[in-house]
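Chemist: You'll find run.cif just under this line, and it carries mmCIF, C-alpha atoms and all ligand atoms.
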data_entry
#
loop_
_atom_site.label_atom_id
_atom_site.label_comp_id
_atom_site.auth_asym_id
_atom_site.auth_seq_id
_atom_site.Cartn_x
_atom_site.Cartn_y
_atom_site.Cartn_z
CA MET H 1 118.43 129.14 87.80
CA ASP H 2 116.38 132.24 87.17
CA ILE H 3 114.07 131.93 90.16
CA GLU H 4 112.26 135.14 89.22
CA SER H 5 110.93 133.48 86.06
CA LYS H 6 109.58 130.57 88.13
CA ILE H 7 107.46 132.73 90.45
CA SER H 8 103.75 132.27 89.74
CA SER H 9 101.87 135.09 88.06
CA ARG H 10 99.50 134.84 91.03
CA LEU H 11 102.31 136.16 93.22
CA LYS H 12 103.79 138.51 90.66
CA ASN H 13 100.41 140.19 90.21
CA GLN H 14 100.32 141.13 93.86
CA GLU H 15 101.67 144.56 94.53
CA GLU H 16 104.13 144.37 97.39
CA TYR H 17 102.73 144.46 100.93
CA VAL H 18 104.09 147.98 101.28
CA PHE H 19 103.33 150.50 103.92
CA PHE H 20 105.27 153.24 102.23
CA GLY H 21 108.51 152.81 104.13
CA VAL H 22 106.94 152.77 107.58
CA ALA H 23 108.46 149.39 108.52
CA GLU H 24 111.96 150.54 107.52
CA ALA H 25 111.57 153.87 109.30
CA LYS H 26 110.46 152.00 112.43
CA LYS H 27 113.39 149.60 112.22
CA LYS H 28 115.81 152.51 111.88
CA ALA H 29 114.28 154.38 114.81
CA LEU H 30 114.48 151.25 116.99
CA ALA H 31 118.11 150.66 115.95
CA GLU H 32 118.87 154.24 117.03
CA GLY H 33 117.42 153.37 120.44
CA LYS H 34 114.44 155.74 120.12
CA ASP H 35 111.49 155.28 122.50
CA ILE H 36 108.84 154.18 120.02
CA ILE H 37 105.09 154.47 120.62
CA ASP H 38 103.72 151.86 118.23
CA LEU H 39 100.16 152.65 117.12
CA GLY H 40 100.65 150.93 113.78
CA GLY H 41 99.15 147.44 113.86
CA GLY H 42 95.88 145.88 114.93
CA ASN H 43 97.63 143.93 117.67
CA PRO H 44 95.71 144.27 120.97
CA ASP H 45 97.75 144.57 124.17
CA LEU H 46 95.03 143.48 126.64
CA ALA H 47 95.62 140.05 128.20
CA PRO H 48 92.98 137.33 127.82
CA HIS H 49 90.63 136.92 130.83
CA HIS H 50 92.19 134.72 133.55
CA LYS H 51 89.44 132.11 133.10
CA ILE H 52 90.54 131.64 129.47
CA VAL H 53 94.20 131.20 130.44
CA GLU H 54 93.28 128.75 133.23
CA ALA H 55 91.22 126.70 130.75
CA LEU H 56 94.19 126.74 128.36
CA LYS H 57 96.54 125.35 131.03
CA LYS H 58 94.05 122.68 132.07
CA ALA H 59 93.45 121.60 128.47
CA ALA H 60 97.22 121.40 127.88
CA ASP H 61 97.48 118.81 130.68
CA ASN H 62 95.27 116.38 128.76
CA PRO H 63 97.28 114.37 126.18
CA GLU H 64 94.12 113.83 124.11
CA ASN H 65 94.12 117.54 123.28
CA HIS H 66 97.54 117.28 121.65
CA ARG H 67 96.44 114.88 118.95
CA HIS H 68 95.62 115.78 115.36
CA PRO H 69 92.74 118.28 115.39
CA ILE H 70 89.31 117.70 113.89
CA TYR H 71 89.28 119.62 110.57
CA GLU H 72 86.09 121.61 111.04
CA GLY H 73 86.69 122.25 114.75
CA LEU H 74 85.59 120.52 117.96
CA LEU H 75 81.85 120.04 118.12
CA GLU H 76 82.02 121.39 121.69
CA LEU H 77 83.34 124.72 120.35
CA ARG H 78 80.94 124.82 117.40
CA GLN H 79 78.07 124.27 119.85
CA ALA H 80 79.45 127.08 122.04
CA VAL H 81 79.54 129.33 118.94
CA ALA H 82 75.91 128.51 118.13
CA SER H 83 74.86 129.24 121.76
CA TRP H 84 76.83 132.48 121.75
CA MET H 85 75.24 133.59 118.45
CA LYS H 86 71.81 132.79 119.92
CA ARG H 87 72.52 134.72 123.13
CA ARG H 88 74.09 137.66 121.35
CA PHE H 89 71.99 138.00 118.19
CA GLU H 90 68.93 135.81 118.89
CA PHE H 91 69.79 133.74 115.88
CA ASP H 92 69.67 129.94 115.44
CA LEU H 93 72.58 128.09 113.83
CA ASN H 94 73.18 124.40 113.25
CA PRO H 95 76.60 123.76 114.87
CA GLU H 96 77.19 120.73 112.64
CA THR H 97 76.72 122.44 109.28
CA GLU H 98 76.67 126.21 109.76
CA VAL H 99 79.81 126.81 111.87
CA LEU H 100 83.46 126.29 110.89
CA ILE H 101 86.45 126.92 113.16
CA LEU H 102 89.33 128.86 111.56
CA ILE H 103 93.03 129.30 112.34
CA GLY H 104 92.38 133.02 112.84
CA SER H 105 89.72 134.82 110.83
CA LYS H 106 92.42 136.14 108.44
CA GLU H 107 93.06 132.61 107.22
CA GLY H 108 89.35 132.04 106.44
CA ILE H 109 88.96 135.47 104.84
CA ALA H 110 91.94 134.85 102.55
CA HIS H 111 90.84 131.31 101.67
CA VAL H 112 87.19 132.12 100.99
CA SER H 113 88.16 133.44 97.55
CA TRP H 114 89.69 130.05 96.69
CA ALA H 115 86.28 128.49 97.26
CA PHE H 116 84.38 130.82 94.94
CA ILE H 117 86.64 132.86 92.66
CA ASP H 118 87.81 131.57 89.27
CA PRO H 119 90.36 133.50 87.20
CA GLY H 120 88.54 136.46 85.66
CA ASP H 121 85.84 136.64 88.35
CA THR H 122 85.47 139.82 90.34
CA ALA H 123 84.82 140.63 94.00
CA LEU H 124 83.65 143.89 95.56
CA VAL H 125 86.09 145.09 98.19
CA PRO H 126 85.85 148.15 100.45
CA ASP H 127 88.47 150.89 100.07
CA PRO H 128 90.14 151.59 102.48
CA ALA H 129 90.11 148.11 104.05
CA TYR H 130 91.92 145.32 105.82
CA PRO H 131 94.26 144.12 102.99
CA PRO H 132 93.47 140.34 102.91
CA TYR H 133 90.08 140.80 101.19
CA LYS H 134 91.73 142.24 98.11
CA ARG H 135 94.83 140.06 98.28
CA GLY H 136 92.85 136.85 98.76
CA VAL H 137 90.84 137.65 95.62
CA MET H 138 94.05 138.35 93.68
CA LEU H 139 95.76 135.16 94.89
CA ALA H 140 92.77 133.21 93.56
CA GLY H 141 93.21 134.90 90.15
CA GLY H 142 90.24 137.23 90.55
CA LYS H 143 89.92 140.97 90.15
CA PRO H 144 89.02 143.17 93.10
CA VAL H 145 86.63 146.05 92.34
CA LEU H 146 87.04 148.76 94.95
CA MET H 147 84.06 150.37 96.69
CA PRO H 148 85.17 153.72 98.19
CA LEU H 149 84.18 154.30 101.83
CA LEU H 150 83.59 158.03 102.25
CA LYS H 151 82.82 160.18 105.25
CA GLU H 152 79.77 161.72 103.54
CA ASN H 153 78.28 158.20 103.25
CA HIS H 154 79.09 157.38 106.90
CA TRP H 155 81.87 155.09 105.61
CA LEU H 156 79.36 152.72 103.97
CA PRO H 157 79.73 151.66 100.31
CA ASP H 158 77.30 153.17 97.83
CA PHE H 159 75.96 150.21 95.83
CA GLU H 160 74.31 152.55 93.29
CA LYS H 161 77.77 153.72 92.22
CA ILE H 162 79.00 150.24 91.23
CA LYS H 163 79.14 149.95 87.43
CA LYS H 164 76.81 147.37 85.83
CA GLU H 165 79.71 145.91 83.82
CA ASP H 166 81.59 145.25 87.06
CA LEU H 167 78.67 143.21 88.39
CA SER H 168 78.29 140.60 85.67
CA LYS H 169 81.29 138.56 86.91
CA THR H 170 81.04 139.46 90.59
CA LYS H 171 80.79 136.53 92.99
CA LEU H 172 81.76 138.01 96.36
CA LEU H 173 81.05 141.20 98.30
CA PHE H 174 83.28 141.89 101.31
CA LEU H 175 81.97 144.03 104.15
CA ASN H 176 83.55 144.82 107.51
CA TYR H 177 81.57 146.41 110.35
CA PRO H 178 82.63 147.48 112.97
CA ASN H 179 85.01 148.86 110.38
CA ASN H 180 88.78 148.80 110.21
CA PRO H 181 90.05 151.53 109.70
CA THR H 182 87.17 154.05 109.95
CA GLY H 183 85.53 152.85 113.19
CA ALA H 184 82.07 152.97 111.55
CA LEU H 185 79.17 150.66 112.40
CA ALA H 186 76.50 149.37 110.03
CA ASP H 187 72.85 149.58 111.08
CA LYS H 188 70.14 147.12 110.11
CA GLY H 189 68.94 149.41 107.29
CA PHE H 190 72.32 149.24 105.56
CA LEU H 191 72.68 145.50 106.11
CA GLN H 192 69.21 144.97 104.58
CA ARG H 193 70.24 147.09 101.56
CA ALA H 194 73.42 145.02 101.20
CA VAL H 195 71.49 141.73 101.33
CA ASN H 196 68.92 142.99 98.78
CA PHE H 197 71.67 144.25 96.45
CA ALA H 198 73.62 140.99 96.72
CA LYS H 199 70.54 138.88 96.05
CA GLU H 200 69.50 140.96 93.03
CA ASN H 201 72.96 140.43 91.58
CA GLU H 202 73.50 136.85 92.80
CA ILE H 203 76.50 137.72 94.95
CA ILE H 204 77.75 136.03 98.14
CA ILE H 205 78.37 138.39 101.08
CA CYS H 206 81.38 137.90 103.35
CA GLN H 207 80.90 140.16 106.37
CA ASP H 208 83.92 140.51 108.66
CA MET H 209 82.93 140.91 112.33
CA ALA H 210 86.44 140.72 113.80
CA TYR H 211 85.54 143.69 116.06
CA SER H 212 81.97 142.53 116.77
CA GLU H 213 82.17 143.19 120.52
CA VAL H 214 84.47 146.23 120.51
CA THR H 215 81.88 148.99 120.25
CA PHE H 216 81.48 152.23 122.18
CA ASP H 217 78.89 154.59 123.71
CA ASN H 218 76.42 151.72 124.27
CA ASN H 219 76.31 150.91 120.54
CA ARG H 220 76.21 147.21 119.65
CA SER H 221 77.09 145.63 116.31
CA GLU H 222 74.37 143.87 114.29
CA SER H 223 74.84 140.45 112.70
CA ILE H 224 74.02 140.40 108.99
CA LEU H 225 72.52 136.94 109.57
CA THR H 226 69.60 138.51 111.45
CA ILE H 227 68.50 140.22 108.22
CA ASN H 228 65.58 138.59 106.41
CA GLY H 229 66.85 136.05 103.88
CA ALA H 230 70.53 136.65 104.67
CA LYS H 231 71.21 133.00 105.43
CA GLU H 232 70.75 132.22 101.73
CA ASN H 233 73.88 134.08 100.62
CA CYS H 234 75.91 135.27 103.62
CA LEU H 235 78.96 134.24 105.57
CA GLU H 236 80.04 136.10 108.70
CA PHE H 237 83.61 135.88 110.06
CA PHE H 238 84.45 136.28 113.76
CA SER H 239 87.76 136.45 115.63
CA PHE H 240 88.98 135.57 119.13
CA SER H 241 91.82 138.07 118.67
CA LYS H 242 90.25 141.42 119.40
CA THR H 243 87.47 140.90 121.97
CA TYR H 244 89.34 138.29 124.00
CA GLY H 245 92.96 139.41 123.45
CA MET H 246 93.83 135.94 122.06
CA THR H 247 95.62 137.39 119.00
CA GLY H 248 98.67 135.12 119.01
CA TRP H 249 96.53 132.00 119.40
CA ARG H 250 95.25 132.24 115.82
CA LEU H 251 91.61 131.28 116.29
CA GLY H 252 88.39 132.46 114.65
CA PHE H 253 85.18 131.09 113.20
CA VAL H 254 82.79 131.59 110.32
CA VAL H 255 79.03 131.08 110.39
CA GLY H 256 76.30 131.22 107.78
CA ASN H 257 74.80 129.30 104.88
CA GLY H 258 75.64 125.57 105.14
CA LYS H 259 76.56 125.17 101.46
CA LEU H 260 78.87 128.18 101.56
CA ILE H 261 80.44 126.89 104.78
CA ASP H 262 80.96 123.50 103.15
CA ALA H 263 82.70 125.05 100.12
CA LEU H 264 85.13 126.89 102.41
CA ARG H 265 85.61 123.69 104.48
CA GLN H 266 86.70 121.87 101.30
CA VAL H 267 89.46 124.45 100.77
CA GLU H 268 90.45 124.31 104.45
CA VAL H 269 90.90 120.52 104.56
CA ASN H 270 93.36 120.81 101.69
CA VAL H 271 95.52 123.58 103.06
CA ASN H 272 95.54 123.13 106.82
CA SER H 273 94.75 120.54 109.47
CA GLY H 274 92.51 122.30 111.94
CA ALA H 275 93.16 124.42 115.03
CA PHE H 276 95.00 123.04 118.10
CA HIS H 277 92.41 121.47 120.43
CA VAL H 278 93.97 123.03 123.53
CA LEU H 279 93.12 126.46 122.11
CA GLN H 280 89.63 125.37 121.10
CA ARG H 281 88.83 124.08 124.62
CA ALA H 282 89.88 127.44 126.10
CA ALA H 283 87.95 129.34 123.40
CA THR H 284 84.79 127.53 124.55
CA VAL H 285 85.32 129.17 127.95
CA ALA H 286 85.89 132.58 126.28
CA LEU H 287 82.46 132.39 124.65
CA SER H 288 80.86 131.73 128.02
CA LEU H 289 82.28 134.88 129.66
CA GLU H 290 79.73 137.28 131.07
CA ASP H 291 78.89 140.55 129.36
CA LYS H 292 80.44 142.48 132.26
CA ASP H 293 83.83 140.90 131.45
CA ILE H 294 83.62 142.14 127.86
CA ASP H 295 82.38 145.54 129.11
CA GLU H 296 85.79 146.04 130.72
CA VAL H 297 87.46 145.56 127.33
CA ARG H 298 85.03 147.99 125.67
CA GLN H 299 85.56 150.58 128.42
CA THR H 300 89.34 150.34 128.18
CA TYR H 301 89.32 150.97 124.42
CA GLN H 302 86.69 153.70 124.80
CA MET H 303 88.79 155.56 127.39
CA ARG H 304 91.82 155.33 125.10
CA ARG H 305 89.72 156.54 122.18
CA ASP H 306 88.55 159.54 124.20
CA VAL H 307 92.12 160.50 125.14
CA LEU H 308 93.45 160.26 121.58
CA VAL H 309 90.48 161.87 119.81
CA ALA H 310 90.45 164.81 122.28
CA GLY H 311 94.23 165.22 121.86
CA LEU H 312 94.10 165.18 118.06
CA LYS H 313 91.20 167.65 118.05
CA GLU H 314 93.19 169.96 120.32
CA LEU H 315 95.94 169.83 117.70
CA GLY H 316 93.39 170.93 115.08
CA TRP H 317 92.98 167.54 113.36
CA GLU H 318 89.62 166.62 111.85
CA VAL H 319 88.63 163.36 113.50
CA ASP H 320 85.32 161.68 114.36
CA ASN H 321 84.74 159.48 117.37
CA PRO H 322 84.95 155.88 116.13
CA ARG H 323 81.83 153.91 117.16
CA GLY H 324 83.69 150.60 117.20
CA SER H 325 87.00 148.80 116.41
CA ILE H 326 90.38 149.60 117.99
CA PHE H 327 91.28 152.40 115.56
CA VAL H 328 91.04 156.17 115.19
CA TRP H 329 90.85 157.34 111.57
CA ALA H 330 92.17 160.89 111.41
CA LYS H 331 92.32 163.33 108.52
CA ILE H 332 95.81 164.72 108.07
CA PRO H 333 95.91 168.53 108.20
CA HIS H 334 97.06 170.54 105.16
CA LYS H 335 96.49 167.63 102.72
CA LEU H 336 99.90 166.15 103.45
CA ASP H 337 100.72 162.77 101.86
CA SER H 338 99.90 159.96 104.33
CA GLY H 339 103.14 158.04 103.66
CA LYS H 340 105.30 161.13 104.23
CA MET H 341 103.30 162.05 107.32
CA ALA H 342 103.65 158.56 108.83
CA ASN H 343 107.40 158.59 108.19
CA MET H 344 107.77 162.07 109.65
CA LEU H 345 105.92 161.00 112.81
CA ILE H 346 108.33 158.10 113.30
CA GLU H 347 111.46 160.10 112.59
CA LYS H 348 110.58 163.22 114.56
CA ALA H 349 108.28 161.91 117.30
CA GLY H 350 108.89 158.15 117.50
CA ILE H 351 105.19 157.46 116.81
CA VAL H 352 104.24 154.60 114.46
CA THR H 353 100.91 154.91 112.62
CA THR H 354 99.47 153.38 109.44
CA PRO H 355 99.36 155.65 106.37
CA GLY H 356 95.82 155.64 104.96
CA LYS H 357 96.88 154.94 101.40
CA GLY H 358 98.38 151.62 102.56
CA LEU H 359 94.78 150.49 103.11
CA GLY H 360 93.56 151.62 99.69
CA PRO H 361 93.54 154.71 97.45
CA SER H 362 90.54 156.25 99.22
CA GLY H 363 92.56 156.15 102.44
CA GLU H 364 94.96 158.80 101.16
CA GLY H 365 94.85 161.91 103.33
CA TYR H 366 94.27 159.89 106.51
CA LEU H 367 96.33 158.21 109.21
CA ARG H 368 95.16 155.24 111.24
CA PHE H 369 96.06 155.24 114.94
CA SER H 370 95.63 151.93 116.83
CA LEU H 371 94.47 152.07 120.45
CA ILE H 372 96.93 149.38 121.54
CA VAL H 373 98.85 151.23 124.24
CA ASP H 374 97.60 152.59 127.58
CA LYS H 375 96.14 156.08 128.16
CA GLU H 376 99.42 157.45 129.51
CA ARG H 377 101.31 156.47 126.34
CA LEU H 378 98.55 157.94 124.16
CA THR H 379 98.78 161.19 126.12
CA GLU H 380 102.55 161.11 125.61
CA ALA H 381 102.01 160.57 121.85
CA VAL H 382 99.77 163.65 121.68
CA GLU H 383 102.34 165.68 123.67
CA ARG H 384 105.06 164.64 121.22
CA MET H 385 102.85 165.68 118.29
CA LYS H 386 102.16 169.02 120.00
CA SER H 387 105.88 169.71 120.09
CA LEU H 388 105.90 169.27 116.31
CA TYR H 389 103.12 171.88 115.91
CA LEU H 390 100.99 169.35 114.02
C1 LIG H 401 89.11 143.79 109.95
C2 LIG H 401 89.92 142.63 110.40
N1 LIG H 401 89.51 141.40 110.11
C3 LIG H 401 90.20 140.30 110.47
C4 LIG H 401 91.39 140.43 111.16
C5 LIG H 401 92.17 139.18 111.47
O1 LIG H 401 91.95 138.70 112.73
P1 LIG H 401 92.50 137.27 113.16
O2 LIG H 401 93.51 137.54 114.22
O3 LIG H 401 91.28 136.53 113.68
O4 LIG H 401 93.08 136.60 111.98
C6 LIG H 401 91.87 141.69 111.48
C7 LIG H 401 93.15 141.83 112.19
O5 LIG H 401 93.81 142.82 112.21
C8 LIG H 401 91.11 142.83 111.10
O6 LIG H 401 91.53 144.07 111.37
#
For the file at hand, write its structure as structure tokens.

Modeler:
Amino acid sequence: MDIESKISSRLKNQEEYVFFGVAEAKKKALAEGKDIIDLGGGNPDLAPHHKIVEALKKAADNPENHRHPIYEGLLELRQAVASWMKRRFEFDLNPETEVLILIGSKEGIAHVSWAFIDPGDTALVPDPAYPPYKRGVMLAGGKPVLMPLLKENHWLPDFEKIKKEDLSKTKLLFLNYPNNPTGALADKGFLQRAVNFAKENEIIICQDMAYSEVTFDNNRSESILTINGAKENCLEFFSFSKTYGMTGWRLGFVVGNGKLIDALRQVEVNVNSGAFHVLQRAATVALSLEDKDIDEVRQTYQMRRDVLVAGLKELGWEVDNPRGSIFVWAKIPHKLDSGKMANMLIEKAGIVTTPGKGLGPSGEGYLRFSLIVDKERLTEAVERMKSLYL
């Protein structure tokens, strides 16, 4: 049988999930026994707080928690989400209708297009960006329209530049602040502009707050839901992966307009069966942690950021201090191709990074470094780069 001819056009239309040979180069370097410093993925190394792990163990001892999960998530956790949102952003949410628990925020972000996008519809997607926005739209048969994020615009999209003809079929606008990969934050002024623009053009906003608590220099992220009128057309996605180091658990949540939440819930009940209750019980404890516990996480990433940014600057790289996220977005000297540069760093220095163009065409000319190893390893990475005269 010619299996190729059976593959859906939905899948065929996806360009391959390529990172320009980086995965192969890494595999080869590991096979050669090289000491690899992996700054490639968004995979935090910090362990979850001991109170979270204790709650996990306790919940695992209760057989009730091993039964089929409740689709939309335990009410206990949805109530904890609503209380956390209130404490953090002074914003009221109905836990019954305006909160949905996800099997990781990636899953919800990818599925949200299934709830709203018909073949031929378009969605506005930042460039560079976390790939699932664009890929989710494409899997649903829609067309992503890229919004370049440029340094001169503080890495915010310029809504004025979006062509009128691209707007007539646009249903979704994806935003992500604190931003992966640029480390930018969005202030209330920008979020208000985004809400106004989306309302004028009857577009739903999906704001990704995966890094909501990982911000530096006393900056705090703003929730788009605190903007006047935002609850009419906004969804906001949160993750337990980055702030709480619960990456492998696969747990997140989405909050916002009840009708939008319900549309996503209808997709969810068809494709998965809810998150494991043991994890949800422990996540309730995570949301009750004190601010000082999260401060430790922020400080750790900030110290790592300071080491890497100072090191890259010493090497002559053009790099700004990220204000949030776990990434440093650095301009490659001498306009070298980002794929070639990433491969060269693996081969010659054993350092894995993400080539900017893998995150979108506007990412060309940049490398993304993840702050997922300790200060000593980051210092070692800079030393290795120094020996290459980069
Ligand atoms: C911007 C952004 N959003 C969402 C996610 C997914 O997080 P989760 O682990 O909750 O699926 C990531 C993970 O890398 C991310 O970088």

Chemist: Rank H:Leu167, H:Ala194, H:Ala25, H:Ala184 by their smallest atom-to-atom distance to ligand LIG 401 (chain H), using all atoms listed in the file, and report the top residue only.

Modeler: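 Selected residue with least distance to ligand LIG 401 (chain H): H:Ala184.
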
Chemist: Let me have the centre and edge lengths of the axis-aligned box enclosing all listed atoms of ligand LIG 401 (chain H) with 3 Å padding on every side, in Å to one decimal, as AutoDock Vina command-line options.

Modeler:
--center_x 91.5 --center_y 140.3 --center_z 112.1 --size_x 10.7 --size_y 13.5 --size_z 10.3

Chemist: Could you list the protein, DNA and RNA residues that have any atom within 7 Å of ligand LIG 401 (chain H), counting all atoms listed in the file, and write them as a compact mmCIF listing (two decimals) with C-alpha atoms, in the frame of the given file?

Modeler:
# COMPACT_ATOMS: atom_id res chain seq x y z
CA GLY H 42 95.88 145.88 114.93
CA ASN H 43 97.63 143.93 117.67
CA GLY H 104 92.38 133.02 112.84
CA SER H 105 89.72 134.82 110.83
CA LYS H 106 92.42 136.14 108.44
CA GLU H 107 93.06 132.61 107.22
CA TYR H 130 91.92 145.32 105.82
CA ASN H 176 83.55 144.82 107.51
CA ASN H 179 85.01 148.86 110.38
CA ASN H 180 88.78 148.80 110.21
CA ASP H 208 83.92 140.51 108.66
CA MET H 209 82.93 140.91 112.33
CA ALA H 210 86.44 140.72 113.80
CA PHE H 238 84.45 136.28 113.76
CA SER H 239 87.76 136.45 115.63
CA PHE H 240 88.98 135.57 119.13
CA SER H 241 91.82 138.07 118.67
CA THR H 247 95.62 137.39 119.00
CA ARG H 250 95.25 132.24 115.82
CA LEU H 251 91.61 131.28 116.29
CA GLY H 252 88.39 132.46 114.65

Chemist: Rank nothing, just name the residue among H:Arg10, H:Arg87, H:Lys242, H:Lys26 nearest to Lys348 (chain H), using only C-alpha atoms.

Modeler: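 Of the candidates, the smallest distance to Lys348 (chain H) is held by H:Lys26.
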
Chemist: Determine, for each residue of region 144-173 of chain H having at least one atom at most 12 Å from an atom of region 322-345 of chain H, the closest pair of atoms and their separation in Å to one decimal, counting only C-alpha atoms; order by chain and ascending number, as CSV.

Modeler:
residue,atom,partner,partner_atom,distance
H:Leu150,CA,H:Trp329,CA,11.8
H:Lys151,CA,H:Lys331,CA,10.5
H:His154,CA,H:Pro322,CA,11.0
H:Trp155,CA,H:Pro322,CA,11.0

Chemist: Can you spit out the residues from that selection as a PDB file, keeping the file's coordinate frame, using C-alpha atoms?

Modeler:
ATOM      1  CA  LEU H 150      83.590 158.030 102.250  1.00  0.00           C
ATOM      2  CA  LYS H 151      82.820 160.180 105.250  1.00  0.00           C
ATOM      3  CA  HIS H 154      79.090 157.380 106.900  1.00  0.00           C
ATOM      4  CA  TRP H 155      81.870 155.090 105.610  1.00  0.00           C
TER       5      TRP H 155
END

Chemist: Could you list, as a short mmCIF file (atom, residue, chain, number, x, y, z; two decimals) with C-alpha atoms, in the frame of the given file, every residue within 7 Å of region 272-281 of chain H, counting all atoms listed in the file and ignoring same-chain residues fewer than 6 positions away?

Modeler:
data_model
loop_
_atom_site.label_atom_id
_atom_site.label_comp_id
_atom_site.auth_asym_id
_atom_site.auth_seq_id
_atom_site.Cartn_x
_atom_site.Cartn_y
_atom_site.Cartn_z
CA LEU H 56 94.19 126.74 128.36
CA ALA H 59 93.45 121.60 128.47
CA ALA H 60 97.22 121.40 127.88
CA ASN H 65 94.12 117.54 123.28
CA HIS H 66 97.54 117.28 121.65
CA PRO H 69 92.74 118.28 115.39
CA ILE H 70 89.31 117.70 113.89
CA TYR H 71 89.28 119.62 110.57
CA GLU H 72 86.09 121.61 111.04
CA GLY H 73 86.69 122.25 114.75
CA LEU H 77 83.34 124.72 120.35
CA LEU H 102 89.33 128.86 111.56
CA ILE H 103 93.03 129.30 112.34
#

Chemist: Record the distance separating CA of Ala47 (chain H) and CA of Val285 (chain H), expressed in Å with one decimal.

Modeler: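 Calculated distance between CA of Ala47 (chain H) and CA of Val285 (chain H) is 15.0 Å.
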
Chemist: Counting only C-alpha atoms, which of H:Met138, H:Val214, H:Ala263, H:Met85 gets nearest to Gln299 (chain H)?

Modeler: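 Closest candidate: H:Val214.
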
Chemist: Give the answer as one residue: which of H:Asn153, H:Gln14, H:Gln79, H:Thr182 has the shortest atom-to-atom distance to Val99 (chain H), using only C-alpha atoms?

Modeler: H:Gln79

Chemist: For a quick check of your reading of the model, name the residues lying within 9 Å of the coordinate (87.1, 127.2, 93.0), counting all atoms listed in the file, and write them as a PyMOL selection string.

Modeler: chain H and resi 113-118+140+263+267

Chemist: Which residues, protein or nucleic acid, reach to within 10 Å of (95.1, 155.5, 102.5) in the file's coordinates when using all atoms listed in the file, and can you give that as an MDAnalysis selection string?

Modeler: chainID H and resid 19 127:129 181 337:339 354:368

Chemist: So which residues touch Ile37 (chain H) within 12 Å, counting only C-alpha atoms, skipping near sequence neighbours fewer than 2 positions away, as number ranges by chain?

Modeler: H: 26, 29-30, 34-35, 39-41, 345-353, 369-385

Chemist: Determine the nearest neighbour of Val125 (chain H) from the options H:Trp84, H:Phe174, H:Tyr244, H:Phe159, counting all atoms listed in the file.

Modeler: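 That would be H:Phe174, the residue with the smallest distance to Val125 (chain H).
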
Chemist: Could you work out how far CA of Arg193 (chain H) lies from CA of Glu165 (chain H), giving the answer in Å with one decimal?

Modeler: 20.1 Å

Chemist: Which distance in Å separates CA of Leu235 (chain H) and CA of Gln207 (chain H), to one decimal?

Modeler: 6.3 Å

Chemist: Between H:Ile52, H:Leu312, H:Ala82, H:Ala230, single out the one closest to Ile203 (chain H), counting all atoms listed in the file.

Modeler: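 Closest to Ile203 (chain H) of all the choices is H:Ala230.
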
Chemist: Do you know which residues are at most 9 Å from region 217-227 of chain H counting all atoms listed in the file, after dropping those on the same chain fewer than 3 positions away, and could you put them as a list in words?

Modeler: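 Answer for this query is Met85, Phe89, Glu90, Phe91, Tyr177, Pro178, Leu185, Ala186, Asp187, Lys188, Leu191, Gln192, Val195, Gln207, Met209, Tyr211, Ser212, Glu213, Val214, Ala230, Lys231, Cys234, Leu235, Glu236, Val255, Gly256, Gln302, Arg323 and Gly324 of chain H.
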
Chemist: Excluding same-chain residues fewer than 4 positions from Lys259 (chain H), what lies within 10 Å of it counting only C-alpha atoms, as a PDB file with C-alpha atoms, in the coordinates of the input?

Modeler:
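out-v3.pdb was written with the following content:
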ATOM      1  CA  THR H  97      76.720 122.440 109.280  1.00  0.00           C
ATOM      2  CA  GLU H  98      76.670 126.210 109.760  1.00  0.00           C
ATOM      3  CA  GLU H 232      70.750 132.220 101.730  1.00  0.00           C
ATOM      4  CA  ASN H 233      73.880 134.080 100.620  1.00  0.00           C
ATOM      5  CA  ALA H 263      82.700 125.050 100.120  1.00  0.00           C
ATOM      6  CA  LEU H 264      85.130 126.890 102.410  1.00  0.00           C
ATOM      7  CA  ARG H 265      85.610 123.690 104.480  1.00  0.00           C
TER       8      ARG H 265
END

Chemist: As an MDAnalysis selection string, please: the residues near Asn321 (chain H) (cut-off 8 Å, all atoms listed in the file, same-chain neighbours under 4 positions excluded).

Modeler: chainID H and resid 183 305:306 309 328
